[in-house]
Amino acid sequence: MKTAGIIVAIVVALALQTTIVRFVVSGTVAVDLVLVVVVYVALSSGSVPGLMTGTIAGLIQDSIQVSTGVIGIGGLAKSIVGFVTGLIGTQLNIAEPVARFVVFFGATVVHQAITMGLGAVLGLRTFGVPYTSVAVEALGNAVVGVAAFQLTELLPGAVERRRMGRSRLRR
Amino acid sequence: MALLDIRRNSGYLFLAVMLGHVILISAQVNSRSGVPVLESVTFGLVAEAQRGLSLGVARLRRTWDRYVWLRGVEAENANLRRQLDALQVQYQERRALSDRARSLEDLLALRDRSNLETVAAEIIAASASPDFRTLTIDKGSSQGLKRDMAVIANDGAVGRIVVASSSAAKVQLLIDRNAAAGAIIERSRAQGVALGGGDARLRLEYVAEASDVVVGDLVVTSGIDGIYPKGFTIGYIDAVEKAGPAYKRISIKPAVNFSALENVLVVLTTNPSNQVEEQKP
């Protein structure tokens, strides 16, 4: 996945996240499209692109929403998720939708755990035990992420491009 | 190529990104003291570095000053020694002044206590011969001093004037072999005569055998000799032995330390007996 494509994906995700999603999903926003993009890039391109995508996207997202007043927490969480997911993507076979679903779900849980943990350590917020909201968000991200993979693989030549990218990585 | 390196060393890149995030977050989050964590940590690190640098520079400088740069040390050392000598002399002078002031205070207290007309005098010389126990004082006939005037000190009777010039006088001490003073045992009121022996002790003679005299008794002047005022301390009985059918031989340890005298009072009344109450030591 080219750098330009990643940047476009991040911008689109942020735009959708801040505009359309809040109208589509009632109540608490249950989908983090930026995180979906990070995980997608990490799975399709590897740990370093995942790390960089997570860093950039997370910092931009932090600076836009400023929910905690501290820029960097989201960036840190998404960087870790992007890096670790990229490692998993290069070591395991996650071509199946179920495996992707699990990865997206787990990545969201880890992302939330890191965010909440950092907030608690820094005394920024006191979190309860939001198992339900975390599960809902993880579910939403997983569904959107798997759907995104399925859609992109429907494009002509997508599978070949992905295979070539992986073979470059392994070399 | 560079991208390939980054991919191979993704772990270092990950650590660098993590470190960057931590620094970024630290710069925004305040510590308990209200200072941003990054500033607090940075300040702490810089302060420790400054402390170490300062310590190192101080040690280096001390080593340099102590072991290398010794120019002028000898002259400084000599100068300091001179200063030390001068200060020691000054200290001795001050201490002497202090002792003299204390001695004069004691004399003043004695004069107030005795109700006698007295004049203070300073010892300026000792006897020229060891056979005679005398002192020379800095007051003489021009200050009204005459022969046979009693000389007293804070501790007790000292002696009498035997020669008076215009500005000095010679004092015969009680311990001189030719000196004598009427004495009385304060406790038992037994009377006798205290005689000098030329040494550090006095003898109390002409005391009746039946008299009650024990070691430790206080001996004071009786005033019957017409020289010493009544009631001034002569000394303490330190030995009692039988000397004959009618008398005891009694030794007195003088109360006055004659070798340490500096200032005395001369009683200007020539027959001062019965003019004062008994002096308490």
# chains A, B, ... in the order shown; residues from 1 in each chain; ligands from 1
$ residues_around --residues "Asp155 of chain B" --least-positions-apart "3" --cutoff "9 Å" --atoms "only C-alpha atoms" --output "list of chain:residue names"
B:Ile152, B:Val158, B:Phe232, B:Thr233, B:Ile234, B:Ala255, B:Val256, B:Asn257, B:Pro281
$ write_last_selection --atoms "N, CA and C atoms" --output "PDB file, in the first residue's frame"
ATOM      1  N   ILE B 152      45.582  42.321 103.716  1.00  0.00           N
ATOM      2  CA  ILE B 152      44.627  41.206 103.598  1.00  0.00           C
ATOM      3  C   ILE B 152      44.309  40.956 102.126  1.00  0.00           C
ATOM      4  N   VAL B 158      47.155  38.281 104.937  1.00  0.00           N
ATOM      5  CA  VAL B 158      48.350  38.062 104.120  1.00  0.00           C
ATOM      6  C   VAL B 158      49.608  38.332 104.949  1.00  0.00           C
ATOM      7  N   PHE B 232      39.668  37.647 110.328  1.00  0.00           N
ATOM      8  CA  PHE B 232      40.131  37.257 108.987  1.00  0.00           C
ATOM      9  C   PHE B 232      40.774  35.874 109.015  1.00  0.00           C
ATOM     10  N   THR B 233      40.509  35.124 107.976  1.00  0.00           N
ATOM     11  CA  THR B 233      40.966  33.739 107.920  1.00  0.00           C
ATOM     12  C   THR B 233      42.492  33.666 107.845  1.00  0.00           C
ATOM     13  N   ILE B 234      43.028  32.806 108.700  1.00  0.00           N
ATOM     14  CA  ILE B 234      44.460  32.510 108.606  1.00  0.00           C
ATOM     15  C   ILE B 234      44.657  31.195 107.854  1.00  0.00           C
ATOM     16  N   ALA B 255      45.238  29.784 104.392  1.00  0.00           N
ATOM     17  CA  ALA B 255      44.129  29.886 103.429  1.00  0.00           C
ATOM     18  C   ALA B 255      44.565  30.637 102.181  1.00  0.00           C
ATOM     19  N   VAL B 256      45.520  31.531 102.351  1.00  0.00           N
ATOM     20  CA  VAL B 256      45.969  32.332 101.209  1.00  0.00           C
ATOM     21  C   VAL B 256      47.068  31.577 100.459  1.00  0.00           C
ATOM     22  N   ASN B 257      46.923  31.555  99.148  1.00  0.00           N
ATOM     23  CA  ASN B 257      47.989  31.009  98.320  1.00  0.00           C
ATOM     24  C   ASN B 257      48.952  32.154  98.026  1.00  0.00           C
ATOM     25  N   PRO B 281      34.937  32.542 105.171  1.00  0.00           N
ATOM     26  CA  PRO B 281      35.706  32.192 103.972  1.00  0.00           C
ATOM     27  C   PRO B 281      34.774  32.052 102.774  1.00  0.00           C
TER      28      PRO B 281
END
$ interface_residues --of "chain A" --to "chain B" --cutoff "7 Å" --atoms "only C-alpha atoms" --output "PDB file with N, CA and C atoms, in the first residue's frame"
ATOM      1  N   VAL A  48       6.117  -1.848  10.192  1.00  0.00           N
ATOM      2  CA  VAL A  48       6.615  -0.461  10.106  1.00  0.00           C
ATOM      3  C   VAL A  48       5.560   0.475   9.523  1.00  0.00           C
ATOM      4  N   VAL A  70      -4.647  15.823  26.191  1.00  0.00           N
ATOM      5  CA  VAL A  70      -3.241  15.438  26.049  1.00  0.00           C
ATOM      6  C   VAL A  70      -3.061  14.793  24.681  1.00  0.00           C
ATOM      7  N   ILE A  71      -2.232  15.415  23.859  1.00  0.00           N
ATOM      8  CA  ILE A  71      -1.940  14.856  22.540  1.00  0.00           C
ATOM      9  C   ILE A  71      -0.842  13.816  22.686  1.00  0.00           C
ATOM     10  N   GLY A  72      -1.117  12.627  22.162  1.00  0.00           N
ATOM     11  CA  GLY A  72      -0.088  11.598  22.207  1.00  0.00           C
ATOM     12  C   GLY A  72      -0.585  10.282  22.758  1.00  0.00           C
ATOM     13  N   ILE A  73      -1.654  10.339  23.540  1.00  0.00           N
ATOM     14  CA  ILE A  73      -2.142   9.086  24.124  1.00  0.00           C
ATOM     15  C   ILE A  73      -2.704   8.182  23.029  1.00  0.00           C
ATOM     16  N   LEU A  76       0.113   6.991  20.806  1.00  0.00           N
ATOM     17  CA  LEU A  76       0.875   5.905  21.415  1.00  0.00           C
ATOM     18  C   LEU A  76       0.120   4.590  21.290  1.00  0.00           C
TER      19      LEU A  76
END
$ select_by_dssp --residues "segment 44-229 of chain B" --states "alpha helix (DSSP H)" --output "PyMOL selection string"
chain B and resi 44-63+73-114
$ residues_around --residues "Ile80 of chain A" --least-positions-apart "3" --cutoff "12 Å" --atoms "only C-alpha atoms" --output "ChimeraX atom specification"
/A:35,38-39,42,47-55,58,73-77,83-87,107-108,110-115 /B:11,13-19,21
$ write_last_selection --atoms "C-alpha atoms" --output "JSON list (two decimals), in the first residue's frame"
[["chain", "number", "residue", "atom", "x", "y", "z"],
["A", 35, "LEU", "CA", -8.11, 2.47, 14.12],
["A", 38, "VAL", "CA", -4.31, 1.51, 11.08],
["A", 39, "VAL", "CA", -5.04, -2.19, 11.52],
["A", 42, "ALA", "CA", -0.62, -3.04, 9.38],
["A", 47, "SER", "CA", 4.70, -3.58, 11.17],
["A", 48, "VAL", "CA", 6.61, -0.46, 10.11],
["A", 49, "PRO", "CA", 3.83, 0.98, 7.95],
["A", 50, "GLY", "CA", 1.41, 0.00, 10.70],
["A", 51, "LEU", "CA", 3.56, 1.78, 13.25],
["A", 52, "MET", "CA", 3.89, 4.93, 11.18],
["A", 53, "THR", "CA", 0.23, 4.94, 10.23],
["A", 54, "GLY", "CA", -0.75, 4.49, 13.85],
["A", 55, "THR", "CA", 1.55, 7.30, 14.95],
["A", 58, "GLY", "CA", -3.31, 8.79, 16.23],
["A", 73, "ILE", "CA", -2.14, 9.09, 24.12],
["A", 74, "GLY", "CA", -4.11, 7.99, 21.08],
["A", 75, "GLY", "CA", -0.96, 8.15, 18.99],
["A", 76, "LEU", "CA", 0.88, 5.91, 21.42],
["A", 77, "ALA", "CA", -1.97, 3.41, 21.57],
["A", 83, "PHE", "CA", 3.21, -2.30, 15.15],
["A", 84, "VAL", "CA", 1.98, -5.42, 16.94],
["A", 85, "THR", "CA", -0.74, -6.07, 14.37],
["A", 86, "GLY", "CA", 1.82, -5.73, 11.61],
["A", 87, "LEU", "CA", 4.02, -8.30, 13.32],
["A", 107, "ALA", "CA", -6.66, -4.72, 18.30],
["A", 108, "THR", "CA", -9.57, -2.61, 19.43],
["A", 110, "VAL", "CA", -5.78, -3.58, 23.20],
["A", 111, "HIS", "CA", -6.17, -0.03, 21.93],
["A", 112, "GLN", "CA", -8.82, 0.73, 24.52],
["A", 113, "ALA", "CA", -6.81, -0.92, 27.29],
["A", 114, "ILE", "CA", -3.77, 1.19, 26.47],
["A", 115, "THR", "CA", -5.81, 4.39, 26.22],
["B", 11, "GLY", "CA", 12.30, -2.70, 16.78],
["B", 13, "LEU", "CA", 12.01, 2.42, 15.19],
["B", 14, "PHE", "CA", 9.24, 1.21, 17.46],
["B", 15, "LEU", "CA", 11.23, 2.18, 20.54],
["B", 16, "ALA", "CA", 12.00, 5.58, 19.07],
["B", 17, "VAL", "CA", 8.35, 6.21, 18.31],
["B", 18, "MET", "CA", 7.38, 5.10, 21.82],
["B", 19, "LEU", "CA", 9.97, 7.39, 23.32],
["B", 21, "HIS", "CA", 5.18, 9.69, 22.41]]
$ closest_residue --among "B:Ala168, B:Val163, B:Arg133, B:Tyr91" --to "Gly196 of chain B" --atoms "only C-alpha atoms"
B:Arg133
$ residues_around --residues "Ala147 of chain A" --least-positions-apart "6" --cutoff "12 Å" --atoms "only C-alpha atoms" --output "compact mmCIF listing (two decimals) with C-alpha atoms, in the first residue's frame"
# COMPACT_ATOMS: atom_id res chain seq x y z
CA VAL A 36 -9.63 0.34 11.39
CA TYR A 40 -5.81 -2.57 7.86
CA GLU A 96 -9.55 -15.70 6.35
CA PRO A 97 -12.34 -13.31 7.38
CA VAL A 98 -12.65 -14.95 10.78
CA ARG A 100 -9.22 -10.83 10.43
CA PHE A 101 -12.28 -10.39 12.58
CA PHE A 104 -9.60 -6.33 14.49
CA GLY A 140 -18.07 -2.58 15.10
CA ASN A 141 -14.44 -2.15 14.16
CA GLU A 153 -10.20 -7.84 -2.52
CA LEU A 154 -13.06 -7.56 -4.95
$ atom_distance --atom1 "atom CA of Ser114 of chain B" --atom2 "atom CA of Asp217 of chain B"
22.2 Å
$ residues_around --residues "Thr269 of chain B" --least-positions-apart "3" --cutoff "10 Å" --atoms "only C-alpha atoms" --output "number ranges by chain"
B: 116-118, 144-146, 148-150, 226-229, 266, 272-273, 275
$ closest_residue --among "B:Asn154, B:Gln143, B:Ser259, B:Asn77" --to "Asp199 of chain B" --atoms "only C-alpha atoms"
B:Ser259
$ atom_distance --atom1 "atom CA of Val12 of chain A" --atom2 "atom CA of Ser133 of chain A"
24.1 Å
$ atom_distance --atom1 "atom CA of Ala125 of chain B" --atom2 "atom CA of Ser251 of chain B"
27.7 Å
$ residues_around --residues "Arg201 of chain B" --least-positions-apart "4" --cutoff "8 Å" --atoms "only C-alpha atoms" --output "tab-separated table (two decimals) with N, CA and C atoms, in the first residue's frame"
chain	number	residue	atom	x	y	z
B	175	ILE	N	53.72	33.67	106.64
B	175	ILE	CA	54.54	32.46	106.69
B	175	ILE	C	56.03	32.76	106.89
B	196	GLY	N	54.90	32.10	111.73
B	196	GLY	CA	55.44	31.63	110.46
B	196	GLY	C	56.64	30.75	110.70
B	197	GLY	N	56.87	29.81	109.82
B	197	GLY	CA	58.01	28.91	109.98
B	197	GLY	C	58.98	29.03	108.84
B	251	SER	N	49.66	22.54	113.50
B	251	SER	CA	50.08	23.05	112.18
B	251	SER	C	48.87	23.62	111.45
B	252	ILE	N	49.11	24.74	110.80
B	252	ILE	CA	48.03	25.41	110.06
B	252	ILE	C	48.42	25.48	108.59
B	253	LYS	N	47.47	25.09	107.78
B	253	LYS	CA	47.66	25.28	106.33
B	253	LYS	C	47.06	26.64	105.97
B	254	PRO	N	47.86	27.59	105.49
B	254	PRO	CA	47.32	28.93	105.23
B	254	PRO	C	46.20	28.90	104.20
